[in-house]
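Data first, discussion second: the structure below is written as structure tokens.
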Amino acid sequence: MAIIKIRRFGFIGAIAIGLILRFCYLELKPLWMDEVITAIFSLGKNYHDLPLDVLVNLQDIPKIFTFQPGVSCSEIAQNLTNQSTHPPLFFCGMYRWLGWIGISSDDWVMKLRSLPALFGVGAILAIYAVNYLAFSPLSGIVAALFMAVSPFAVYLSQEARHYTLPMFIITLSLLGLMQIQQDIHQERVRFRVWFFWTLINIIGFYTHYFFILDFIAEIFTLSLLIYRSKYQNIRFKRKIILYFGLSIITIIICFLPWLLVTWNHAQRSETSWLNSPGIFAPFYQTLLNLVLMVIALPVENQPLIITIVCGLLMLVFAVWLGVKLFPRCRQLWNQDQTHGATFTLLMFTAGVMLQCLAIAYLSGKDITAIPRYSFVYYPSCCALLAASLTEIQTLKGKKIQAIAILLIIGLLSSIFVVTNFVFQKPFQPEQVARNMNSAPSLPVMLVVTYDSYQDIALGLSFALALEQIRNHTSHPDSFIAVSKSPDVSNVWRKLSQLSVNVTSPLNLWIVAPGLRRRDYPQQLNLSAQTTCQIDPQHHYRIGIPYQLYQCDFLEKS
């Protein structure tokens with residue numbers, strides 16, 4: 001009875017900690033480019049609804065992100081087909097969620113991130129079920145605790161993006177896979193198990209394109225399980241192969257309506273931003289991604305001494321953890337009662353990782369360089385980690401100490417995540433906004449040049465961060481997104497034709513993705529009233545360049 005109470009307390013504690021960490025300071029970090037994209041489509045809008053090539057008040061930018069009622073899932077899917085590179089299920093779900101809870105100008109960022117945070121909690125429940133089924137109730141509790149405090153899982157849960165939903169779906173798919181593995185071992189076939197696995201995989205295909213990596217890895221793993229099994233009943237062998245084949249065919253048929261869209265999305269320019277890999281980069285980047293699942297200390301934009309110390313601590317911790325885990329994982333492999341589950345998880349994980357490496361080397365798009373993409377194998381790594389520390393002999397002594405250390409380090413790392421010290425937003429909108437607010441007493445005009453929808457979303461993320469800083473000022477701050485088509489000279493011409501109702505000095509910021517520093521003109525005309533001079537002391541580049549111009553307005557005679 002005491003053991004049951006302890007397990008119940010551990011399970012409830014994992015859920016409580018997971019909820020607190022995922023919803024703590026949920027609105028603290030500014031939206032970055034990809035989250036702006038999520039907001040646009042999840043609110044029932046598309047890029048044609050945005051004020052492009054027209055001057056708007058900076059204070060009116062949040063009004064763009066209002067809920068558009070009466071939009072169907074098919075309309076959202078059509079918007080994604082034409083203007084994005086993602087399957088529709090997450091965005092349709094987000095639209096329904098935002099319509100149900102309601103949003104306002106004061107809380108829309110928090111509510112936009114709330115559903116991914118809930119999916120993150122759902123993944124904790126799912127990983128508990130995986131390890132409970134595959135190993136033991138204790139292993140399930142430890143897996144849930146690890147995921148609850150994992151800095152990587154907390155980071156993804158606080159992103160208004162479609163990462164925690166597929167992570168949740170992948171974990172549920174692993175649950176079905178583990179049940180099938182046990183059924184194969186016991187030479188039985190259950191329709192409800194195969195139906196569950198098939199349905200989950202169909203849903204996964206419509207949540208994220210990277211889910212196909214997990215599907216292929218599961219096919220690979222199931223094929224090995226069927227091949228390795230020594231069947232006493234030939235009828236069972238035929239039946240399991242039949243269920244396996246029918247499930248694969250059903251999943252593929254159900255995805256056929258979106259298959260052409262998937263192919264078109266793969267050819268779009270938005271998928272070409274990933275760099276080609278170095279010779280060894282994908283390997284050490286994969287190792288780094290594994291480390292970030294358990295420890296993440298402040299190394300981004302910190303003083304050099306802090307970066308060095310934190311980097312060394314992470315390295316030492318990773319080596320210590322590796323020394324602890326490898327022999328214990330080997331013991332899991334060698335023990336009869338845990339070999340099947342261990343083999344299944346290892347083969348699945350290896351299958352996904354090998355595909356990530358193959359994509360990096362064969363396609364020239366190094367997805368291993370992006371830590372968030374490791375969500376595709378994160379659940380299986382979490383399951384193996386928990387099993388390695390709980391399933392060997394008895395849980396006491398040094399083993400309890402190792403688990404406690406992992407949980408404390410994970411909790412500390414997650415606190416760094418929610419307070420924006422680690423896993424900082426790409427392009428750092430808050431830092432860009434602070435730089436642009438270098439002269440608070442002067443009005444600001446933010447100009448973003450674009451030749452793709454992603455450039456528009458990037459500019460809006462900067463505008464939102466800048467508006468947060470300057471929303472209490474009385475200055476007539478403004479924003480405009482200007483097309484670079486057919487070339488960047490269109491931007492300078494468009495600025496010269498603007499009608500600007502400001503009669504005082506103004507700071508003009510030009511954000512120009514793809515423009516080199518020397519390509520910024522030394523002088524710009526802003527409407528017919530003024531000439532703006534470049535300020536060479538205020539040129540920045542955080543992934544993209546942005547440049548300050550100082551403008552003095554002349555009164556008409």
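Letters for chains follow the order of the structure tokens (A, B, ...), residue numbers begin at 1 for each chain, and ligand numbers begin at 1 in the order shown.
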
Any idea what's packed within 6 Å of range 200-211 of chain A, counting only C-alpha atoms, ignoring anything in its chain fewer than 2 positions away? Could you give it as a CSV table (one decimal) with N, CA and C atoms, in the first residue's frame?
chain,number,residue,atom,x,y,z
A,87,PRO,N,1.4,20.5,-42.8
A,87,PRO,CA,0.0,19.9,-42.8
A,87,PRO,C,-1.0,20.6,-41.9
A,89,LEU,N,-3.5,19.7,-39.5
A,89,LEU,CA,-4.3,19.3,-38.3
A,89,LEU,C,-4.0,20.2,-37.1
A,90,PHE,N,-2.7,20.6,-36.9
A,90,PHE,CA,-2.4,21.4,-35.7
A,90,PHE,C,-3.1,22.8,-35.8
A,166,PRO,N,3.0,16.7,-32.4
A,166,PRO,CA,3.6,15.4,-32.9
A,166,PRO,C,4.4,14.7,-31.9
A,169,ILE,N,1.9,12.6,-30.2
A,169,ILE,CA,1.4,11.6,-31.2
A,169,ILE,C,2.5,10.5,-31.3
A,173,SER,N,2.2,6.6,-30.5
A,173,SER,CA,2.5,5.6,-31.4
A,173,SER,C,3.5,4.6,-30.9
A,197,TRP,N,-2.8,1.8,-33.3
A,197,TRP,CA,-1.5,2.1,-33.9
A,197,TRP,C,-1.7,2.8,-35.3
A,198,THR,N,-2.6,2.2,-36.1
A,198,THR,CA,-2.9,2.7,-37.4
A,198,THR,C,-3.5,4.1,-37.3
A,213,LEU,N,9.4,10.2,-40.7
A,213,LEU,CA,10.7,9.5,-40.2
A,213,LEU,C,10.3,8.5,-39.1
A,214,ASP,N,9.4,8.8,-38.2
A,214,ASP,CA,9.0,7.9,-37.2
A,214,ASP,C,8.2,6.7,-37.7
A,251,ILE,N,-2.7,3.5,-43.8
A,251,ILE,CA,-2.1,4.8,-43.4
A,251,ILE,C,-1.7,5.5,-44.7

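Backbone DSSP assigns strand (DSSP E or B) in range 472-514 of chain A to Ser478, Phe479, Ile480, Ala481, Val482, Ser483, Leu506, Asn507, Leu508, Trp509, Ile510 and Val511 of chain A.
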
* alpha helix (DSSP H) call set, DSSP backbone run, range 379-457 of chain A, as a VMD selection string -> chain A and resid 379 to 390 398 to 418 429 to 436 453 to 457

* Hey, what's within 8 Å of range 490-496 of chain A if we count only C-alpha atoms and toss same-chain stuff fewer than 4 positions away? As a list in words, please? ->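 The filter keeps Thr449, Val482, Ser483, Lys484, Ser485, Pro486, Leu524, Asn525, Leu526, Ser527 and Ala528 of chain A.
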
Next, the residues of the selection above should be written as a JSON list (two decimals), in the first residue's frame with N, CA and C atoms.
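Contents of selection-v3.json, as written:
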[["chain", "number", "residue", "atom", "x", "y", "z"],
["A", 449, "THR", "N", 11.80, 44.92, -45.49],
["A", 449, "THR", "CA", 11.72, 44.54, -46.90],
["A", 449, "THR", "C", 11.45, 43.05, -46.99],
["A", 482, "VAL", "N", 7.62, 46.39, -47.12],
["A", 482, "VAL", "CA", 7.75, 46.83, -48.51],
["A", 482, "VAL", "C", 8.34, 45.70, -49.35],
["A", 483, "SER", "N", 7.71, 45.40, -50.46],
["A", 483, "SER", "CA", 8.18, 44.34, -51.35],
["A", 483, "SER", "C", 9.47, 44.73, -52.05],
["A", 484, "LYS", "N", 10.38, 43.77, -52.19],
["A", 484, "LYS", "CA", 11.63, 44.01, -52.92],
["A", 484, "LYS", "C", 11.50, 43.68, -54.40],
["A", 485, "SER", "N", 10.32, 43.28, -54.82],
["A", 485, "SER", "CA", 10.12, 42.93, -56.23],
["A", 485, "SER", "C", 9.98, 44.20, -57.08],
["A", 486, "PRO", "N", 10.66, 44.29, -58.22],
["A", 486, "PRO", "CA", 11.56, 43.28, -58.81],
["A", 486, "PRO", "C", 12.96, 43.26, -58.19],
["A", 524, "LEU", "N", 18.71, 58.28, -47.99],
["A", 524, "LEU", "CA", 17.38, 57.88, -48.44],
["A", 524, "LEU", "C", 16.46, 59.08, -48.43],
["A", 525, "ASN", "N", 15.51, 59.10, -49.37],
["A", 525, "ASN", "CA", 14.45, 60.09, -49.35],
["A", 525, "ASN", "C", 13.22, 59.46, -48.71],
["A", 526, "LEU", "N", 12.66, 60.15, -47.71],
["A", 526, "LEU", "CA", 11.45, 59.69, -47.05],
["A", 526, "LEU", "C", 10.37, 60.72, -47.29],
["A", 527, "SER", "N", 9.43, 60.39, -48.16],
["A", 527, "SER", "CA", 8.41, 61.31, -48.65],
["A", 527, "SER", "C", 9.10, 62.51, -49.30],
["A", 528, "ALA", "N", 8.38, 63.57, -49.46],
["A", 528, "ALA", "CA", 8.96, 64.76, -50.09],
["A", 528, "ALA", "C", 9.51, 65.72, -49.06]]

* Contact residues around Pro151 in chain A with only C-alpha atoms at 8 Å, ignoring same-chain residues under 3 positions, as a VMD selection string -> chain A and resid 154 to 155 292 to 296 410 to 411 413 to 414 417

* Structure fact -> Across A:Asn420, A:Gln59, A:Gln68, A:Gln431, the smallest distance to Ala39 in chain A, with only C-alpha atoms counted, is shown by A:Gln68

* **Who sits within 9 Å of range 19-24 of chain A, only C-alpha atoms, same chain under 3 positions skipped, as a VMD selection string** => chain A and resid 14 to 16 27 to 28 110 113 to 114 117 to 118 120 to 121 148 to 149 153 to 155 157 to 158 411 414 to 415 418 to 419

Written file, previous selection with N, CA and C atoms, as a short mmCIF file (atom, residue, chain, number, x, y, z; two decimals), in the first residue's frame:
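Done, and the output landed in part_16.cif:
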data_model
loop_
_atom_site.label_atom_id
_atom_site.label_comp_id
_atom_site.auth_asym_id
_atom_site.auth_seq_id
_atom_site.Cartn_x
_atom_site.Cartn_y
_atom_site.Cartn_z
N ALA A 14 4.75 14.51 -11.05
CA ALA A 14 5.25 14.72 -12.41
C ALA A 14 4.31 15.61 -13.22
N ILE A 15 3.01 15.35 -13.12
CA ILE A 15 2.04 16.15 -13.86
C ILE A 15 2.03 17.58 -13.34
N ALA A 16 2.07 17.74 -12.00
CA ALA A 16 2.04 19.09 -11.42
C ALA A 16 3.27 19.89 -11.82
N GLU A 27 4.02 33.95 -21.39
CA GLU A 27 3.97 35.11 -22.29
C GLU A 27 5.23 35.96 -22.20
N LEU A 28 6.25 35.51 -21.44
CA LEU A 28 7.44 36.33 -21.21
C LEU A 28 8.23 36.58 -22.48
N MET A 110 -0.16 34.50 -24.61
CA MET A 110 -0.22 33.39 -23.66
C MET A 110 -1.18 32.31 -24.14
N ARG A 113 0.10 30.15 -26.97
CA ARG A 113 1.06 29.13 -26.56
C ARG A 113 0.45 28.10 -25.62
N SER A 114 -0.77 28.30 -25.18
CA SER A 114 -1.34 27.42 -24.15
C SER A 114 -1.63 26.01 -24.66
N ALA A 117 1.46 23.95 -24.84
CA ALA A 117 1.85 23.61 -23.46
C ALA A 117 1.03 22.44 -22.94
N LEU A 118 -0.26 22.42 -23.26
CA LEU A 118 -1.09 21.30 -22.83
C LEU A 118 -0.69 20.00 -23.52
N GLY A 120 2.25 19.33 -24.36
CA GLY A 120 3.47 18.94 -23.65
C GLY A 120 3.16 18.15 -22.39
N VAL A 121 2.11 18.54 -21.68
CA VAL A 121 1.68 17.79 -20.50
C VAL A 121 1.12 16.43 -20.92
N ALA A 148 8.95 15.75 -17.43
CA ALA A 148 8.39 16.95 -16.79
C ALA A 148 9.44 18.03 -16.61
N VAL A 149 10.68 17.65 -16.25
CA VAL A 149 11.73 18.64 -15.97
C VAL A 149 12.73 18.76 -17.11
N ALA A 153 11.93 19.49 -23.46
CA ALA A 153 10.48 19.35 -23.51
C ALA A 153 9.79 20.63 -23.06
N VAL A 154 10.33 21.30 -22.05
CA VAL A 154 9.75 22.56 -21.59
C VAL A 154 9.87 23.62 -22.68
N TYR A 155 11.03 23.67 -23.32
CA TYR A 155 11.26 24.63 -24.41
C TYR A 155 10.23 24.45 -25.53
N SER A 157 7.35 23.02 -25.35
CA SER A 157 6.00 23.26 -24.84
C SER A 157 5.66 24.74 -24.76
N GLN A 158 6.66 25.60 -24.68
CA GLN A 158 6.42 27.03 -24.61
C GLN A 158 6.54 27.72 -25.97
N LEU A 411 15.47 20.28 -13.56
CA LEU A 411 14.65 21.36 -13.02
C LEU A 411 15.36 22.70 -13.11
N SER A 414 15.36 23.81 -16.70
CA SER A 414 14.04 24.27 -17.12
C SER A 414 13.73 25.67 -16.60
N ILE A 415 14.23 25.98 -15.41
CA ILE A 415 14.07 27.34 -14.88
C ILE A 415 14.81 28.33 -15.78
N VAL A 418 12.47 28.86 -18.90
CA VAL A 418 11.28 29.71 -18.76
C VAL A 418 11.64 31.16 -18.47
N THR A 419 12.86 31.41 -17.99
CA THR A 419 13.30 32.79 -17.73
C THR A 419 14.13 33.35 -18.88
#

* Selection: 7 Å around range 451-464 of chain A, only C-alpha atoms, excl. self and same-chain fewer than 3 positions, as a ChimeraX atom specification -> /A:31-33,36-37,58,61-62,429,432-433,448,467-468,481,483-485

Hey, which bits of range 180-271 of chain A sit within 9 Å of range 350-357 of chain A, and for each residue what's the closest pair of atoms and how far apart in Å (one decimal), counting only C-alpha atoms, rows by chain and increasing number, as CSV?
residue,atom,partner,partner_atom,distance
A:Leu213,CA,A:Val352,CA,5.8
A:Asp214,CA,A:Val352,CA,6.0
A:Phe215,CA,A:Val352,CA,9.0
A:Ile216,CA,A:Gly351,CA,7.8
A:Ala217,CA,A:Gly351,CA,4.8
A:Glu218,CA,A:Gly351,CA,8.1
A:Phe220,CA,A:Gly351,CA,7.2
A:Thr221,CA,A:Gly351,CA,7.9

* May I have the residues within 9 Å of Thr344 in chain A as a ChimeraX atom specification, using only C-alpha atoms and disregarding those fewer than 5 positions away in the same chain? => /A:177-178,181,218,221-222,224-225,339,349

* Asked: What gap, in Å, lies between CA of Cys310 in chain A and CA of Asn435 in chain A?
  -> 26.7 Å

* Atomic separation - CA of Val444 in chain A relative to CA of Asp477 in chain A, Å ->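 Calculated distance between CA of Asp477 in chain A and CA of Val444 in chain A is 4.9 Å.
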